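Here the structure is laid out as structure tokens; the discussion comes afterwards.
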There are 2 protein chains.
Amino acid sequence: MTTPAVKPKSARGRNRRAKILKAAADLFLDHGYGETSIDAIVDRCGGSKATLYNYFSTKEELFHAVIDDIVSNRQKPDLDISEDLRTTLITFALQRMKVVFSSQHRQLLRLIVAERDRFPQIAAMYYEHGPKRSHDLVVSYMERLKSRGLLEIDNPEESAEFLIGMLLHHWYLAQLYLQTPPPSERSMRDRATHVVDRFLDAFGFPEDAGLKARPAPKKTR
Amino acid sequence: MTTPAVKPKSARGRNRRAKILKAAADLFLDHGYGETSIDAIVDRCGGSKATLYNYFSTKEELFHAVIDDIVSNRQKPDLDISEDLRTTLITFALQRMKVVFSSQHRQLLRLIVAERDRFPQIAAMYYEHGPKRSHDLVVSYMERLKSRGLLEIDNPEESAEFLIGMLLHHWYLAQLYLQTPPPSERSMRDRATHVVDRFLDAFGFPEDAGLKARPAPKKTR
DNA sequence: ATTAGTCTGTACTGTACAGTACAGTTGGTT
DNA sequence: AACCAACTGTACTGTACAGTACAGACTAAT
């Protein structure tokens with residue numbers, strides 16, 4: 001028998017609600033769902049418990065609102081196509097790593113995994129907006145490259161999975177299990193180029209693959 | 001002021017303790033740490049709370065013991081070297097996937113990530129015994145291949161990361177965020193061969209890389 | 001069969017916390 | 001100034017659960 005949630009009508013109300021969301025986001029991301037009490041949220045944003053329960057009828061609803069807010073305001077994966085494919089891929093790779101290995105994202109990630117059983121829809125939503133979307137972007141790009149005969153790809157899905165896996169997996173594990181700082185911009189950039197070059201080795205035509213922009217002597221593996 | 005934990009002296013005691021561990025493992029893996037109550041554990045294994053607190057002085061200590069037990073009894077990653085490198089890699093890849101995508105492992109994984117902040121040592125221990133060990137195995141194999149001139153590798157670390165990333169990342173994400181069944185043996189086998197072949201494309205010498213056992217016409221990408 | 005150590009059931013304590021009740025205050029609108 | 005809705009503080013209820021207390025029952029070895 002919970003009090004129904006109410007939409008704020010005044011500007012003051014909208015402000016209060018936003019303050020609550022912000023405080024809750026900070027605490028949930030820092031300490032997790034179970035370890036964050038409603039009282040702690042109220043303490044952090046000022047005001048009173050009654051007000052909070054005016055806008056969010058349960059703790060679960062509040063959590064939902066917090067994650068919705070974060071996920072829908074995150075930078076969406078995107079792929080800017082430049083004239084040469086190596087540059088396009090490296091740019092995408094770097095942009096993706098910057099998002100995935102940002103400190104806000106590390107916290108979000110672990111929170112979502114931790115609460116997946118309690119909030120399976122949230123985990124699914126996150127997956128759709130993040131990893132899935134990024135994957136799909138790459139797949140459609142691969143299909144285009146394949147149909148234009150620029151890469152020797154049989155299975156665009158799989159090639160996209162390989163590219164992203166090489167890019168992210170190793171550091172992703174560290175992010176999940178260890179408490180290490182995010183990689184530097186420099187090392188992300190290095191990794192991006194190495195991954196893309198190895199990818200082109202595997203999927204390019206031996207004769208001419210992407211060679212327009214790829215400096216042949218610089219073969220560092 | 002908790003009662004100190006006691007080592008079982010009798011066979012009966014050792015049996016009791018083992019039953020408790022088993023029941024706790026089942027419940028922790030199924031429902032997580034916070035959602036598993038001591039009472040539920042006691043209900044499941046019979047006996048009484050007092051006995052449990054005789055062997056484990058707190059809930060945290062019990063959890064620790066449970067995970068220690070599971071992690072140290074898990075199948076360790078291993079790499080059997082056959083005469084040809086393609087076979088060696090495919091065998092390793094398949095064995096690794098079978099472990100990582102088993103249903104027991106999915107549960108363990110999510111539990112460890114979820115509780116990483118409460119039990120950072122556990123997460124680190126898991127990482128060392130699982131992903132780290134597997135990675136190190138591949139690295140030392142790569143070093144050997146490099147020094148024998150069988151692969152064109154500059155950075156053995158990185159090449160190992162790429163191999164494992166291609167192999168695991170995509171399904172790993174699904175395992176973390178979605179509630180999908182584990183992949184079939186058949187699809188794991190397919191993936192293992194595709195990954196290894198693409199890996200050899202990227203790191204083998206164009207002229208002769210691993211061709212002894214690699215059927216050239218069967219180039220499915 | 002006695003004894004010592006171990007196990008069991010039940011009932012209890014204390015605490016943390018989600019959610020509610022309510023009386024009083026604030027601040028914007030007319 | 002007067003009104004009303006939205007806010008605030010505080011105190012409360014109920015519940016879930018970690019950990020304790022204790023009296024009695026079981027088991028095994030002599």
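For the structure tokens, the naming scheme is as follows: chains receive sequential letters (A, B, ...) according to their order of presentation, residues are indexed from 1 within each chain, and ligands are indexed from 1 in presentation order.
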Once chain B has been least-squares superposed onto chain A, matching all their Cα atoms in order, can you return it as a CSV table (one decimal) with C-alpha atoms, in the first residue's frame?
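Saved to out.csv:
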chain,number,residue,atom,x,y,z
B,1,MET,CA,0.0,0.1,0.0
B,2,THR,CA,2.4,2.8,-1.2
B,3,THR,CA,1.6,6.4,-1.8
B,4,PRO,CA,1.2,7.0,-5.6
B,5,ALA,CA,4.0,8.9,-7.3
B,6,VAL,CA,3.2,12.4,-8.5
B,7,LYS,CA,4.6,14.4,-11.3
B,8,PRO,CA,6.0,17.8,-10.3
B,9,LYS,CA,3.8,20.7,-11.4
B,10,SER,CA,5.8,23.7,-10.3
B,11,ALA,CA,9.3,24.7,-11.3
B,12,ARG,CA,10.2,24.3,-7.7
B,13,GLY,CA,8.9,20.8,-7.7
B,14,ARG,CA,10.8,19.9,-10.9
B,15,ASN,CA,13.9,21.2,-9.2
B,16,ARG,CA,13.3,19.2,-6.1
B,17,ARG,CA,12.8,16.1,-8.1
B,18,ALA,CA,15.9,16.6,-10.1
B,19,LYS,CA,18.0,17.2,-6.9
B,20,ILE,CA,16.7,13.9,-5.5
B,21,LEU,CA,17.6,12.1,-8.7
B,22,LYS,CA,21.1,13.5,-8.7
B,23,ALA,CA,21.7,12.6,-5.1
B,24,ALA,CA,20.3,9.1,-5.5
B,25,ALA,CA,22.4,8.6,-8.7
B,26,ASP,CA,25.6,9.6,-6.8
B,27,LEU,CA,24.9,7.3,-3.9
B,28,PHE,CA,23.7,4.3,-5.9
B,29,LEU,CA,26.7,4.5,-8.2
B,30,ASP,CA,29.1,4.8,-5.3
B,31,HIS,CA,27.7,2.3,-2.9
B,32,GLY,CA,25.2,0.1,-4.8
B,33,TYR,CA,21.5,-0.3,-4.3
B,34,GLY,CA,21.3,-2.4,-1.1
B,35,GLU,CA,23.9,-0.3,0.6
B,36,THR,CA,22.2,3.0,-0.1
B,37,SER,CA,19.4,3.9,2.3
B,38,ILE,CA,16.6,6.3,1.6
B,39,ASP,CA,17.6,8.3,4.6
B,40,ALA,CA,21.1,8.7,3.2
B,41,ILE,CA,19.7,10.0,-0.1
B,42,VAL,CA,17.5,12.5,1.8
B,43,ASP,CA,20.4,13.6,3.9
B,44,ARG,CA,22.5,14.3,0.9
B,45,CYS,CA,20.0,16.3,-1.1
B,46,GLY,CA,18.3,18.1,1.9
B,47,GLY,CA,14.6,18.1,2.2
B,48,SER,CA,12.6,15.3,3.7
B,49,LYS,CA,11.6,11.8,3.2
B,50,ALA,CA,8.0,12.7,2.6
B,51,THR,CA,8.9,14.8,-0.4
B,52,LEU,CA,10.9,12.0,-1.8
B,53,TYR,CA,8.0,9.6,-1.4
B,54,ASN,CA,5.8,12.2,-3.1
B,55,TYR,CA,7.8,11.9,-6.3
B,56,PHE,CA,8.8,8.2,-6.2
B,57,SER,CA,6.5,5.8,-4.5
B,58,THR,CA,9.1,3.1,-3.7
B,59,LYS,CA,12.9,2.7,-3.6
B,60,GLU,CA,12.7,0.5,-6.6
B,61,GLU,CA,10.9,3.0,-8.6
B,62,LEU,CA,13.5,5.6,-7.7
B,63,PHE,CA,16.3,3.3,-8.8
B,64,HIS,CA,14.5,2.7,-12.0
B,65,ALA,CA,14.2,6.4,-12.6
B,66,VAL,CA,17.8,7.0,-11.8
B,67,ILE,CA,19.1,4.5,-14.2
B,68,ASP,CA,16.7,5.4,-17.0
B,69,ASP,CA,17.9,9.0,-16.6
B,70,ILE,CA,21.6,8.0,-16.8
B,71,VAL,CA,21.3,5.5,-19.7
B,72,SER,CA,19.1,7.7,-21.9
B,73,ASN,CA,21.4,10.7,-21.4
B,74,ARG,CA,24.6,8.8,-22.1
B,75,GLN,CA,26.5,9.4,-25.2
B,76,LYS,CA,25.2,7.0,-27.8
B,77,PRO,CA,27.7,5.0,-29.8
B,78,ASP,CA,28.2,6.4,-33.2
B,79,LEU,CA,30.3,5.8,-36.3
B,80,ASP,CA,31.5,8.7,-38.4
B,81,ILE,CA,32.5,7.5,-41.8
B,82,SER,CA,35.6,9.1,-43.2
B,83,GLU,CA,36.9,8.4,-46.7
B,84,ASP,CA,39.3,5.7,-45.5
B,85,LEU,CA,38.2,2.7,-43.5
B,86,ARG,CA,41.3,2.5,-41.3
B,87,THR,CA,40.7,6.0,-40.0
B,88,THR,CA,37.0,5.4,-39.6
B,89,LEU,CA,37.6,2.3,-37.5
B,90,ILE,CA,40.3,3.8,-35.4
B,91,THR,CA,38.1,6.8,-34.6
B,92,PHE,CA,35.2,4.6,-33.7
B,93,ALA,CA,37.4,2.4,-31.5
B,94,LEU,CA,38.8,5.3,-29.6
B,95,GLN,CA,35.5,7.0,-29.0
B,96,ARG,CA,34.0,3.7,-27.8
B,97,MET,CA,36.9,3.0,-25.4
B,98,LYS,CA,36.6,6.5,-24.0
B,99,VAL,CA,33.0,5.9,-23.1
B,100,VAL,CA,33.4,2.3,-21.9
B,101,PHE,CA,36.4,3.0,-19.7
B,102,SER,CA,35.2,6.3,-18.2
B,103,SER,CA,34.9,6.2,-14.4
B,104,GLN,CA,31.2,6.9,-14.5
B,105,HIS,CA,30.7,4.0,-16.8
B,106,ARG,CA,32.6,1.6,-14.7
B,107,GLN,CA,30.3,2.3,-11.8
B,108,LEU,CA,27.2,2.1,-13.9
B,109,LEU,CA,28.3,-1.2,-15.3
B,110,ARG,CA,28.9,-2.9,-12.0
B,111,LEU,CA,25.7,-1.6,-10.5
B,112,ILE,CA,23.7,-3.0,-13.4
B,113,VAL,CA,25.3,-6.4,-13.3
B,114,ALA,CA,24.9,-6.5,-9.5
B,115,GLU,CA,21.2,-5.8,-9.7
B,116,ARG,CA,20.4,-7.7,-12.8
B,117,ASP,CA,18.2,-10.2,-11.0
B,118,ARG,CA,16.2,-7.6,-9.2
B,119,PHE,CA,15.9,-5.4,-12.3
B,120,PRO,CA,16.2,-7.5,-15.4
B,121,GLN,CA,14.5,-4.9,-17.7
B,122,ILE,CA,17.1,-2.4,-16.7
B,123,ALA,CA,20.0,-4.6,-17.6
B,124,ALA,CA,18.4,-5.4,-20.9
B,125,MET,CA,17.7,-1.8,-21.6
B,126,TYR,CA,21.3,-0.9,-20.9
B,127,TYR,CA,22.5,-3.7,-23.1
B,128,GLU,CA,20.3,-2.5,-26.0
B,129,HIS,CA,21.4,1.1,-25.7
B,130,GLY,CA,25.1,0.4,-25.2
B,131,PRO,CA,26.8,-2.8,-26.4
B,132,LYS,CA,24.1,-3.9,-28.8
B,133,ARG,CA,23.8,-0.6,-30.5
B,134,SER,CA,27.6,-0.3,-30.9
B,135,HIS,CA,27.7,-3.8,-32.3
B,136,ASP,CA,24.9,-3.1,-34.7
B,137,LEU,CA,26.6,0.0,-36.0
B,138,VAL,CA,29.8,-2.0,-36.8
B,139,VAL,CA,27.8,-4.8,-38.4
B,140,SER,CA,26.1,-2.5,-40.8
B,141,TYR,CA,29.4,-0.9,-41.6
B,142,MET,CA,31.0,-4.2,-42.2
B,143,GLU,CA,28.1,-5.2,-44.5
B,144,ARG,CA,28.7,-2.1,-46.6
B,145,LEU,CA,32.4,-2.8,-46.8
B,146,LYS,CA,31.8,-6.3,-47.8
B,147,SER,CA,29.3,-5.4,-50.5
B,148,ARG,CA,31.7,-2.8,-51.9
B,149,GLY,CA,34.4,-5.5,-51.9
B,150,LEU,CA,36.7,-3.5,-49.6
B,151,LEU,CA,37.1,-6.3,-47.0
B,152,GLU,CA,37.1,-10.1,-47.3
B,153,ILE,CA,34.3,-10.8,-44.9
B,154,ASP,CA,32.0,-13.7,-44.9
B,155,ASN,CA,30.1,-13.1,-41.7
B,156,PRO,CA,29.7,-9.4,-40.8
B,157,GLU,CA,28.2,-10.2,-37.4
B,158,GLU,CA,31.2,-12.2,-36.4
B,159,SER,CA,33.8,-9.8,-37.7
B,160,ALA,CA,32.2,-7.0,-35.7
B,161,GLU,CA,32.3,-9.2,-32.6
B,162,PHE,CA,35.9,-9.9,-33.2
B,163,LEU,CA,36.8,-6.2,-33.6
B,164,ILE,CA,35.0,-5.2,-30.4
B,165,GLY,CA,36.2,-8.1,-28.5
B,166,MET,CA,39.9,-7.4,-29.3
B,167,LEU,CA,39.3,-3.8,-28.4
B,168,LEU,CA,37.5,-4.1,-25.1
B,169,HIS,CA,37.7,-7.5,-23.5
B,170,HIS,CA,40.9,-7.4,-21.6
B,171,TRP,CA,40.4,-4.1,-19.9
B,172,TYR,CA,36.8,-4.8,-19.4
B,173,LEU,CA,37.7,-7.7,-17.2
B,174,ALA,CA,40.0,-5.6,-15.1
B,175,GLN,CA,37.3,-3.0,-14.8
B,176,LEU,CA,34.9,-5.7,-13.5
B,177,TYR,CA,37.1,-7.5,-11.1
B,178,LEU,CA,39.9,-5.2,-10.0
B,179,GLN,CA,40.2,-1.7,-8.7
B,180,THR,CA,42.5,-0.3,-11.3
B,181,PRO,CA,42.4,3.2,-12.7
B,182,PRO,CA,41.0,3.6,-16.2
B,183,PRO,CA,43.6,3.4,-19.0
B,184,SER,CA,45.3,6.6,-20.2
B,185,GLU,CA,44.2,8.3,-23.4
B,186,ARG,CA,47.6,7.4,-24.8
B,187,SER,CA,47.3,3.7,-24.2
B,188,MET,CA,43.7,3.7,-25.6
B,189,ARG,CA,45.0,5.3,-28.7
B,190,ASP,CA,47.7,2.7,-29.1
B,191,ARG,CA,45.4,-0.1,-28.6
B,192,ALA,CA,42.9,1.3,-31.1
B,193,THR,CA,45.5,1.4,-33.8
B,194,HIS,CA,46.9,-2.0,-33.0
B,195,VAL,CA,43.5,-3.6,-33.0
B,196,VAL,CA,42.4,-2.1,-36.3
B,197,ASP,CA,45.7,-3.0,-38.0
B,198,ARG,CA,45.5,-6.6,-36.8
B,199,PHE,CA,41.8,-6.6,-37.9
B,200,LEU,CA,42.8,-5.4,-41.4
B,201,ASP,CA,45.5,-8.1,-41.5
B,202,ALA,CA,42.8,-10.7,-40.8
B,203,PHE,CA,40.1,-9.3,-43.0
B,204,GLY,CA,41.7,-7.2,-45.6
B,205,PHE,CA,42.7,-8.4,-49.0
B,206,PRO,CA,46.4,-9.3,-48.8
B,207,GLU,CA,47.3,-7.2,-52.0
B,208,ASP,CA,45.7,-3.9,-51.2
B,209,ALA,CA,43.7,-3.9,-48.0
B,210,GLY,CA,43.2,-0.4,-46.8
B,211,LEU,CA,46.7,0.5,-47.9
B,212,LYS,CA,45.9,3.9,-49.1
B,213,ALA,CA,46.2,5.2,-45.6
B,214,ARG,CA,48.1,2.5,-43.9
B,215,PRO,CA,51.8,3.1,-43.6
B,216,ALA,CA,53.2,-0.3,-44.6
B,217,PRO,CA,56.6,0.0,-42.8
B,218,LYS,CA,55.1,0.9,-39.5
B,219,LYS,CA,54.1,-2.7,-38.9
B,220,THR,CA,54.3,-2.9,-35.1
B,221,ARG,CA,52.7,-5.9,-33.6
Do you have, as JSON lines, the list of residues of chain C lying at most 8 Å from chain B, each with its nearest atom pair and that distance in Å to one decimal, counting only C-alpha atoms (C1' of nucleotides) and ordered by chain then number?
{"residue": "C:DC7", "atom": "C1'", "partner": "B:Thr51", "partner_atom": "CA", "distance": 6.7}
{"residue": "C:DT8", "atom": "C1'", "partner": "B:Ser48", "partner_atom": "CA", "distance": 5.7}
{"residue": "C:DG9", "atom": "C1'", "partner": "B:Ser48", "partner_atom": "CA", "distance": 7.2}
Let's have the selection written as a tab-separated table (two decimals), in the first residue's frame, with C-alpha atoms (C1' of nucleotides).
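Written output follows (selection-v5.tsv):
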chain	number	residue	atom	x	y	z
C	7	DC	C1'	24.46	-30.86	17.70
C	8	DT	C1'	19.50	-29.11	17.64
C	9	DG	C1'	15.14	-26.29	18.25
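Minimum distance to C:DA23 across D:DA11, D:DA29, D:DC17, D:DC22 (counting only C-alpha atoms (C1' of nucleotides)) occurs at D:DA11.
Between atom C1' of C:DA21 and atom C1' of D:DA2 lies a distance of 27.5 Å.
Atom C1' of D:DT20 to atom C1' of C:DG19 spans 29.3 Å [interatomic distance, one decimal].
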Item to complete: For C:DT25, please output as a VMD selection string all residues within 12 Å (counting only C-alpha atoms (C1' of nucleotides); exclusion window: fewer than 3 positions along the same chain).
Response: chain D and resid 6 to 9
Grab the residues selected above and save them as a short mmCIF file (atom, residue, chain, number, x, y, z; two decimals), in the first residue's frame with C-alpha atoms (C1' of nucleotides).
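So again32.cif came out as:
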data_model
loop_
_atom_site.label_atom_id
_atom_site.label_comp_id
_atom_site.auth_asym_id
_atom_site.auth_seq_id
_atom_site.Cartn_x
_atom_site.Cartn_y
_atom_site.Cartn_z
"C1'" DA D 6 3.68 21.92 -1.95
"C1'" DC D 7 7.36 21.11 1.34
"C1'" DT D 8 9.73 19.87 5.97
"C1'" DG D 9 10.99 17.58 10.46
#
Item to complete: Can you list, as a PyMOL selection string, all residues belonging to stretch 33-104 of chain A that DSSP tags as helix (DSSP H, G or I)?
Response: chain A and resi 38-45+49-55+59-73+85-100+103-104
Fill in: C:DA4 environment, 12 Å, only C-alpha atoms (C1' of nucleotides), sequence neighbours closer than 3 positions dropped, as a list in words
DT27, DA28, DA29 and DT30 of chain D
Could you write out the selected residues, including N, CA and C atoms (P, O5', C5', C4', C3', O3' and C1' of nucleotides), as an mmCIF file, in the first residue's frame?
data_model
loop_
_atom_site.group_PDB
_atom_site.id
_atom_site.type_symbol
_atom_site.label_atom_id
_atom_site.label_comp_id
_atom_site.auth_asym_id
_atom_site.auth_seq_id
_atom_site.Cartn_x
_atom_site.Cartn_y
_atom_site.Cartn_z
ATOM 1 P P DT D 27 21.928 -40.132 16.681
ATOM 2 O "O5'" DT D 27 23.463 -40.195 17.080
ATOM 3 C "C5'" DT D 27 24.315 -39.107 16.718
ATOM 4 C "C4'" DT D 27 25.715 -39.344 17.257
ATOM 5 C "C3'" DT D 27 26.193 -40.788 17.166
ATOM 6 O "O3'" DT D 27 27.374 -40.767 16.369
ATOM 7 C "C1'" DT D 27 26.646 -39.853 19.312
ATOM 8 P P DA D 28 28.023 -42.168 15.818
ATOM 9 O "O5'" DA D 28 29.285 -42.235 16.797
ATOM 10 C "C5'" DA D 28 29.980 -40.991 17.089
ATOM 11 C "C4'" DA D 28 31.070 -41.275 18.079
ATOM 12 C "C3'" DA D 28 31.654 -42.679 18.039
ATOM 13 O "O3'" DA D 28 33.037 -42.596 18.302
ATOM 14 C "C1'" DA D 28 30.808 -42.276 20.187
ATOM 15 P P DA D 29 34.023 -43.823 17.989
ATOM 16 O "O5'" DA D 29 34.962 -43.798 19.257
ATOM 17 C "C5'" DA D 29 35.213 -42.538 19.908
ATOM 18 C "C4'" DA D 29 35.533 -42.796 21.368
ATOM 19 C "C3'" DA D 29 36.244 -44.122 21.604
ATOM 20 O "O3'" DA D 29 37.296 -43.945 22.526
ATOM 21 C "C1'" DA D 29 34.299 -44.015 22.956
ATOM 22 P P DT D 30 38.359 -45.218 22.750
ATOM 23 O "O5'" DT D 30 38.042 -45.664 24.243
ATOM 24 C "C5'" DT D 30 38.286 -44.735 25.309
ATOM 25 C "C4'" DT D 30 37.422 -45.072 26.503
ATOM 26 C "C3'" DT D 30 37.854 -46.364 27.229
ATOM 27 O "O3'" DT D 30 38.345 -45.995 28.525
ATOM 28 C "C1'" DT D 30 35.491 -46.191 27.020
#
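In this comparison, which uses only C-alpha atoms (C1' of nucleotides), the residue of D:DA25, D:DA1, D:DA16, D:DT10 approaching chain B most closely is D:DA16.
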